[in-house]
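Dropping target.cif in here (mmCIF, C-alpha atoms):
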data_model
#
loop_
_atom_site.label_atom_id
_atom_site.label_comp_id
_atom_site.auth_asym_id
_atom_site.auth_seq_id
_atom_site.Cartn_x
_atom_site.Cartn_y
_atom_site.Cartn_z
CA MET A 1 -8.97 82.90 26.99
CA LEU A 2 -12.14 82.96 29.06
CA VAL A 3 -13.32 85.85 31.25
CA ARG A 4 -15.81 84.80 33.91
CA ASP A 5 -17.12 85.89 37.28
CA ALA A 6 -14.61 85.19 40.03
CA ARG A 7 -15.43 82.54 42.60
CA ALA A 8 -14.26 82.52 46.21
CA ALA A 9 -11.90 79.66 45.34
CA ASP A 10 -10.15 81.84 42.71
CA TRP A 11 -8.66 84.03 45.42
CA ASP A 12 -5.83 81.55 46.01
CA ALA A 13 -4.74 82.08 42.38
CA ILE A 14 -5.27 85.87 42.40
CA TRP A 15 -3.45 86.68 45.65
CA PRO A 16 0.12 85.73 44.58
CA PHE A 17 0.25 88.06 41.57
CA LEU A 18 -1.87 90.77 43.22
CA ARG A 19 0.56 90.78 46.18
CA ARG A 20 3.54 90.96 43.78
CA ILE A 21 2.06 93.87 41.82
CA VAL A 22 1.06 95.83 44.93
CA ALA A 23 4.44 95.22 46.61
CA ALA A 24 6.25 96.55 43.52
CA GLY A 25 4.50 99.89 44.08
CA GLU A 26 4.61 100.92 40.42
CA THR A 27 0.95 100.92 39.35
CA TYR A 28 -1.41 101.04 42.35
CA ALA A 29 -1.80 103.56 45.15
CA TYR A 30 -2.24 100.74 47.65
CA ASP A 31 -0.17 100.16 50.77
CA ARG A 32 2.80 98.15 49.49
CA ASP A 33 2.64 96.04 52.65
CA MET A 34 -1.08 95.30 52.30
CA GLN A 35 -1.97 92.03 53.96
CA GLU A 36 -4.08 89.30 52.40
CA PRO A 37 -7.35 89.87 54.35
CA GLU A 38 -7.43 93.57 53.41
CA ALA A 39 -6.55 92.83 49.79
CA ARG A 40 -9.32 90.25 49.56
CA ARG A 41 -11.91 92.67 51.00
CA LEU A 42 -10.78 95.38 48.58
CA TRP A 43 -10.65 93.22 45.44
CA MET A 44 -13.47 90.70 45.79
CA VAL A 45 -16.35 93.18 45.59
CA SER A 46 -20.02 92.46 46.16
CA PRO A 47 -22.94 93.50 43.94
CA PRO A 48 -23.57 95.93 42.40
CA GLY A 49 -19.87 95.46 41.74
CA ARG A 50 -18.31 92.46 40.07
CA THR A 51 -14.96 90.69 40.18
CA THR A 52 -13.83 88.64 37.21
CA VAL A 53 -10.93 86.41 36.29
CA ALA A 54 -9.34 85.65 32.95
CA THR A 55 -8.31 82.04 32.54
CA ASP A 56 -6.10 80.41 29.94
CA SER A 57 -6.85 77.21 28.03
CA ASP A 58 -5.96 74.99 31.00
CA GLY A 59 -8.15 77.00 33.40
CA SER A 60 -5.32 78.83 35.17
CA VAL A 61 -6.14 82.33 36.40
CA VAL A 62 -3.96 84.79 34.46
CA GLY A 63 -5.63 88.10 35.34
CA THR A 64 -8.46 89.70 37.25
CA ALA A 65 -10.66 92.79 37.29
CA SER A 66 -12.71 94.43 40.00
CA MET A 67 -15.52 96.73 38.83
CA TYR A 68 -18.04 98.90 40.65
CA PRO A 69 -19.84 102.24 40.64
CA ASN A 70 -17.26 105.04 40.73
CA ARG A 71 -19.25 106.88 43.41
CA GLY A 72 -22.52 106.40 45.23
CA GLY A 73 -25.76 108.33 44.98
CA PRO A 74 -25.80 110.88 42.15
CA GLY A 75 -22.47 109.56 40.83
CA SER A 76 -23.50 105.92 40.66
CA HIS A 77 -24.22 106.04 36.91
CA VAL A 78 -20.45 106.07 36.21
CA ALA A 79 -18.52 102.81 36.56
CA SER A 80 -14.90 102.31 37.53
CA ALA A 81 -12.58 99.33 37.67
CA SER A 82 -9.15 98.03 38.54
CA PHE A 83 -7.21 95.40 36.62
CA MET A 84 -4.28 93.13 37.38
CA VAL A 85 -2.57 90.73 35.02
CA ASP A 86 -0.13 88.11 36.23
CA PRO A 87 3.25 89.64 35.23
CA GLU A 88 4.25 86.28 33.76
CA ARG A 89 1.31 86.61 31.31
CA ALA A 90 1.72 90.29 30.34
CA GLY A 91 1.52 91.19 26.66
CA ARG A 92 -0.73 88.29 25.70
CA GLY A 93 -4.11 90.07 25.51
CA VAL A 94 -5.25 89.37 29.07
CA GLY A 95 -5.74 93.05 29.94
CA ARG A 96 -7.64 93.67 26.71
CA ALA A 97 -9.97 90.72 27.33
CA LEU A 98 -10.66 91.94 30.88
CA GLY A 99 -11.17 95.52 29.68
CA GLU A 100 -13.55 94.55 26.89
CA ASP A 101 -15.54 92.39 29.32
CA MET A 102 -15.71 95.25 31.83
CA ILE A 103 -16.99 97.68 29.18
CA GLU A 104 -19.74 95.23 28.20
CA TRP A 105 -20.64 94.68 31.87
CA ALA A 106 -20.87 98.43 32.46
CA ARG A 107 -23.05 98.91 29.37
CA ALA A 108 -25.35 95.98 30.24
CA SER A 109 -25.59 97.22 33.85
CA GLY A 110 -26.91 100.60 32.73
CA PHE A 111 -23.86 102.77 33.46
CA ARG A 112 -23.51 105.82 31.24
CA ALA A 113 -19.72 106.08 31.37
CA ILE A 114 -16.55 104.62 32.86
CA GLN A 115 -13.95 106.62 34.75
CA PHE A 116 -10.54 105.50 35.94
CA ASN A 117 -9.45 107.76 38.77
CA ALA A 118 -5.77 106.95 39.07
CA VAL A 119 -3.81 105.56 36.13
CA VAL A 120 -0.11 106.05 36.87
CA GLU A 121 1.37 108.07 34.01
CA THR A 122 4.43 105.82 33.77
CA ASN A 123 2.18 102.80 33.11
CA GLN A 124 2.36 103.29 29.35
CA ARG A 125 1.06 99.81 28.46
CA ALA A 126 -2.14 100.40 30.42
CA ILE A 127 -2.58 103.91 29.02
CA ALA A 128 -2.17 102.62 25.45
CA LEU A 129 -4.67 99.82 26.11
CA TRP A 130 -7.29 102.15 27.60
CA ARG A 131 -6.87 104.64 24.75
CA SER A 132 -7.32 101.82 22.23
CA LEU A 133 -10.58 100.93 24.02
CA GLY A 134 -11.93 104.47 23.67
CA PHE A 135 -10.78 106.15 26.90
CA GLU A 136 -9.53 109.73 26.93
CA VAL A 137 -7.27 111.42 29.43
CA LEU A 138 -9.31 114.15 31.12
CA ALA A 139 -6.62 115.41 33.45
CA THR A 140 -3.34 114.62 35.10
CA VAL A 141 -3.00 115.16 38.83
CA PRO A 142 0.64 116.25 39.02
CA GLU A 143 3.02 114.38 41.33
CA ALA A 144 0.12 112.47 42.93
CA PHE A 145 1.93 109.12 42.91
CA ASP A 146 5.28 108.33 44.54
CA HIS A 147 6.81 105.81 42.14
CA PRO A 148 9.60 103.68 43.64
CA THR A 149 12.09 104.45 40.85
CA GLU A 150 10.68 107.48 38.99
CA GLY A 151 9.84 109.60 42.05
CA TYR A 152 6.72 111.74 42.04
CA VAL A 153 4.70 111.21 38.86
CA GLY A 154 1.18 112.12 37.78
CA LEU A 155 -2.03 110.15 38.04
CA LEU A 156 -4.29 110.28 34.98
CA ILE A 157 -8.04 110.50 35.15
CA MET A 158 -9.36 108.58 32.15
CA HIS A 159 -12.95 108.45 30.89
CA ARG A 160 -15.17 107.08 28.18
CA PHE A 161 -18.87 107.31 27.52
CA LEU A 162 -20.83 104.16 26.87
#

Any chance you could give the structure as structure tokens?
Amino acid sequence: MLVRDARAADWDAIWPFLRRIVAAGETYAYDRDMQEPEARRLWMVSPPGRTTVATDSDGSVVGTASMYPNRGGPGSHVASASFMVDPERAGRGVGRALGEDMIEWARASGFRAIQFNAVVETNQRAIALWRSLGFEVLATVPEAFDHPTEGYVGLLIMHRFL
């Protein structure tokens, strides 16, 4: 698996699984009916942010990450990111490869820490991955996410120093 900077042409491969994940409404606090132009603006960030893709051995895009400063000004020394893996490729190390790449990017870019602001507490695979990569749960915002099958569940704030 290769993780590389996303190119404009990669969007056509990202959009189908991003749309599917957002429409499911289980892991992102995005409008479930988000349209393609808005999704593209949101995901394909400009510097100082970075968007990456993970590709398999035949060059197919199997996952993506969008990374950026968590806040501006005095909070810009903390990075944040969002990750999506094609559901057909889940459980094959794509998320880990994207996460490890993001941590190295944040370190090389001079960030002091990484904070995830909204990890849905029912997303146990993601929580286990982030914990294995050194993230800690700082807090849970109770009932901050309206899950389509579980009802109101918490959003975790996760953090790790670099």

**Study point:** Among listed residues A:Arg41, A:Arg96, A:Arg32, A:Arg160, nearest Arg125 of chain A (using all atoms listed in the file)
**Key:**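 When distances to Arg125 of chain A are compared using all atoms listed in the file, the smallest one comes from A:Arg96.
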
Check your understanding: the PyMOL selection byres ((chain A and resi 77) around 6) on the file shown: which residues, as a list in words?
Key -> Gly75, Ser76, Val78, Phe111 and Arg112 of chain A

Point to revise | Counting all atoms listed in the file, the residue of A:Trp11, A:Tyr68, A:Phe116, A:Phe161 that sits nearest Thr140 of chain A | key: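 The answer is A:Phe116, which sits nearest to Thr140 of chain A.
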
Practice item. For Ala128 of chain A, work out the shell of residues within 12 Å, counting only C-alpha atoms and skipping chain neighbours fewer than 4 positions away, then give it as a VMD selection string. Key: chain A and resid 95 to 96 119 121 to 124 132 to 137 158

Check your understanding: Given the file above and the PyMOL selection byres ((chain A and resi 80) around 8), which residues are selected, and can you give them as an MDAnalysis selection string?
Key -> chainID A and resid 67:70 78:79 81:82 114:117

Okay, now the selection with C-alpha atoms, as a PDB file, keeping the file's coordinate frame?
ATOM      1  CA  MET A  67     -15.520  96.730  38.830  1.00  0.00           C
ATOM      2  CA  TYR A  68     -18.040  98.900  40.650  1.00  0.00           C
ATOM      3  CA  PRO A  69     -19.840 102.240  40.640  1.00  0.00           C
ATOM      4  CA  ASN A  70     -17.260 105.040  40.730  1.00  0.00           C
ATOM      5  CA  VAL A  78     -20.450 106.070  36.210  1.00  0.00           C
ATOM      6  CA  ALA A  79     -18.520 102.810  36.560  1.00  0.00           C
ATOM      7  CA  ALA A  81     -12.580  99.330  37.670  1.00  0.00           C
ATOM      8  CA  SER A  82      -9.150  98.030  38.540  1.00  0.00           C
ATOM      9  CA  ILE A 114     -16.550 104.620  32.860  1.00  0.00           C
ATOM     10  CA  GLN A 115     -13.950 106.620  34.750  1.00  0.00           C
ATOM     11  CA  PHE A 116     -10.540 105.500  35.940  1.00  0.00           C
ATOM     12  CA  ASN A 117      -9.450 107.760  38.770  1.00  0.00           C
TER      13      ASN A 117
END

Report as CSV the residues of segment 63-162 of chain A within 9 Å of segment 16-23 of chain A, each with its shortest atom pair and distance in Å (one decimal), using all atoms listed in the file, ordered by chain and increasing residue number.
residue,atom,partner,partner_atom,distance
A:Gly63,CA,A:Phe17,CA,8.6
A:Thr64,CA,A:Leu18,CA,9.0
A:Met84,CA,A:Leu18,CA,6.7
A:Val85,CA,A:Phe17,CA,7.6
A:Asp86,CA,A:Phe17,CA,5.4
A:Pro87,CA,A:Phe17,CA,7.2
A:Glu88,CA,A:Phe17,CA,9.0

Check your understanding: From the set A:Val120, A:Met44, A:Ala126, A:Ala6, which residue has the shortest atom-to-atom contact distance to Ala90 of chain A, counting all atoms listed in the file?
Key ->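 Checking each candidate against Ala90 of chain A, we get A:Ala126 as the closest.
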
Target residues per the PyMOL selection byres ((chain A and resi 102) around 9), formatted as a compact mmCIF listing (two decimals) with C-alpha atoms, keeping the file's coordinate frame:
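Written file, expr04.txt:
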# COMPACT_ATOMS: atom_id res chain seq x y z
CA THR A 52 -13.83 88.64 37.21
CA ALA A 65 -10.66 92.79 37.29
CA SER A 66 -12.71 94.43 40.00
CA MET A 67 -15.52 96.73 38.83
CA ALA A 81 -12.58 99.33 37.67
CA ALA A 97 -9.97 90.72 27.33
CA LEU A 98 -10.66 91.94 30.88
CA GLY A 99 -11.17 95.52 29.68
CA GLU A 100 -13.55 94.55 26.89
CA ASP A 101 -15.54 92.39 29.32
CA ILE A 103 -16.99 97.68 29.18
CA GLU A 104 -19.74 95.23 28.20
CA TRP A 105 -20.64 94.68 31.87
CA ALA A 106 -20.87 98.43 32.46
CA ARG A 107 -23.05 98.91 29.37

Practice item. Using atom CA of Ile157 of chain A and atom CA of Val53 of chain A as the two end points, give the distance in Å to one decimal. Key: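 Taking atom CA of Ile157 of chain A and atom CA of Val53 of chain A, their separation equals 24.3 Å.
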
Practice item. Measure the distance from atom CA of Leu155 of chain A to atom CA of Ala118 of chain A in Å and round it to one decimal. Key: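 Rounded to one decimal, the two atoms are 5.0 Å apart.
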
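Distance check against Ile127 of chain A using only C-alpha atoms: of A:Gln35, A:Asp56, A:Ser109, A:His159, the minimum falls on A:His159.
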
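One distance worth recording is that between atom CA of His147 of chain A and atom CA of Glu36 of chain A, which is 22.3 Å.
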
Review point. For Arg89 of chain A, which of A:Met1, A:Arg50, A:Gly151, A:Glu38 is the closest residue, counting all atoms listed in the file?
Key: A:Met1

Point to revise | Residue with smallest distance to Gly110 of chain A - pool A:Ala39, A:Val94, A:Leu162, A:Ala144, counting only C-alpha atoms | key: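 Of A:Ala39, A:Val94, A:Leu162, A:Ala144, the one nearest Gly110 of chain A is A:Leu162, counting only C-alpha atoms.
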